[in-house]
Amino acid sequence: MGKTVIFMHIPKTAGTTLIDVMQWQYGDISKSFASKFVDLSACEHVDKIENCQAVAGHVPYGIHDKFGFDNYQYITLFRHPVERIVSLYNYIIGLTGEGRKWWEERGVYNNISLRDFVNLRLANLHDGMVRQLIGIDFYYENQYRPVTIDDYKLAVKRVDSMLYGTVEDIDKSIKRIGNQLGWKVGKIPHSNKANYDLNLSSSKMYDVYDDICNNNQFDILLYHTAKRGLQ
């Protein structure tokens, strides 16, 4: 059996599109641990997954140890932190029902402004990409430690061992990853695409942009470092 492909899905980085492409290669993603392509969101209490070809989920780097993967390859997609967090905000305020309630329990109320949102004490809004790469609280925890320069250096080291791309070059990125994994990739669908205007040059974005950058200095460095690695 070849390497188990681990898609470390960073929130709001076109992950649904990549999962769609992965389903062409491995079959439908499933919560059954016996499937070829496993949804890791259902595996919290599982210690070992055997004989699967690929897994995916909002999981941290290091998940290979938890599930006993000896031969593995991480893949991921990166996005500029400003675009990623604005996209997350627009996604959340469009939710209804139980999804809406889940976020309200974390302080994201329906009438929250973008500026108030980006300054919430939620781990994913504060260098969330670096956090996910080093395996510390990265999702939407509200109790977390700050990211350090040593964390950033470890994240960069781990990126070097991964196959990855960026959202703005999504088609090229997926084809590049696919070529290295032996996938057959045809026309790429753009799934779960948000319907809003992301105008980062608008005057109303000025202070918000500054706040996001201040809260995500290491993620910004990581993003540009990753982009240089693709050149």
# chains A, B, ... in the order shown; residues from 1 in each chain; ligands from 1

$ select_by_dssp --residues "stretch 45-209 of chain A" --states "alpha helix (DSSP H)" --output "PyMOL selection string"
chain A and resi 63-67+81-93+97-104+114-118+128-134+149-159+170-181+206-209

$ closest_atom_pairs --of "stretch 152-181 of chain A" --to "stretch 16-25 of chain A" --cutoff "9 Å" --atoms "only C-alpha atoms" --output "CSV"
residue,atom,partner,partner_atom,distance
A:Ile170,CA,A:Leu18,CA,8.8
A:Ile174,CA,A:Leu18,CA,7.0
A:Gly178,CA,A:Met22,CA,9.0

$ closest_residue --among "A:Asn51, A:Asn216, A:Ser191, A:Thr148" --to "A:Gly128" --atoms "only C-alpha atoms"
A:Asn216

$ closest_residue --among "A:Gln180, A:Asn142, A:Asn215, A:Ser30" --to "A:Met162" --atoms "only C-alpha atoms"
A:Gln180

$ residues_around --residues "A:Ile149" --least-positions-apart "4" --cutoff "12 Å" --atoms "only C-alpha atoms" --output "list in words"
Asp127, Val130, Arg131, Ile134, Lys153, Leu154, Ala155, Val156, Gln217, Phe218, Asp219, Leu221 and Leu222 of chain A

$ write_last_selection --atoms "C-alpha atoms" --output "PDB file, in the first residue's frame"
ATOM      1  CA  ASP A 127      -2.354  32.945  13.497  1.00  0.00           C
ATOM      2  CA  VAL A 130       0.588  28.369  12.144  1.00  0.00           C
ATOM      3  CA  ARG A 131      -1.372  26.910  15.056  1.00  0.00           C
ATOM      4  CA  ILE A 134       2.275  22.932  14.967  1.00  0.00           C
ATOM      5  CA  LYS A 153       9.912  28.250  12.520  1.00  0.00           C
ATOM      6  CA  LEU A 154       8.447  24.810  13.267  1.00  0.00           C
ATOM      7  CA  ALA A 155       5.482  25.531  10.985  1.00  0.00           C
ATOM      8  CA  VAL A 156       7.813  26.484   8.124  1.00  0.00           C
ATOM      9  CA  GLN A 217       1.655  38.465  11.745  1.00  0.00           C
ATOM     10  CA  PHE A 218       3.072  34.934  11.754  1.00  0.00           C
ATOM     11  CA  ASP A 219       0.353  33.649   9.407  1.00  0.00           C
ATOM     12  CA  LEU A 221       4.895  35.440   7.097  1.00  0.00           C
ATOM     13  CA  LEU A 222       3.949  31.786   6.660  1.00  0.00           C
TER      14      LEU A 222
END
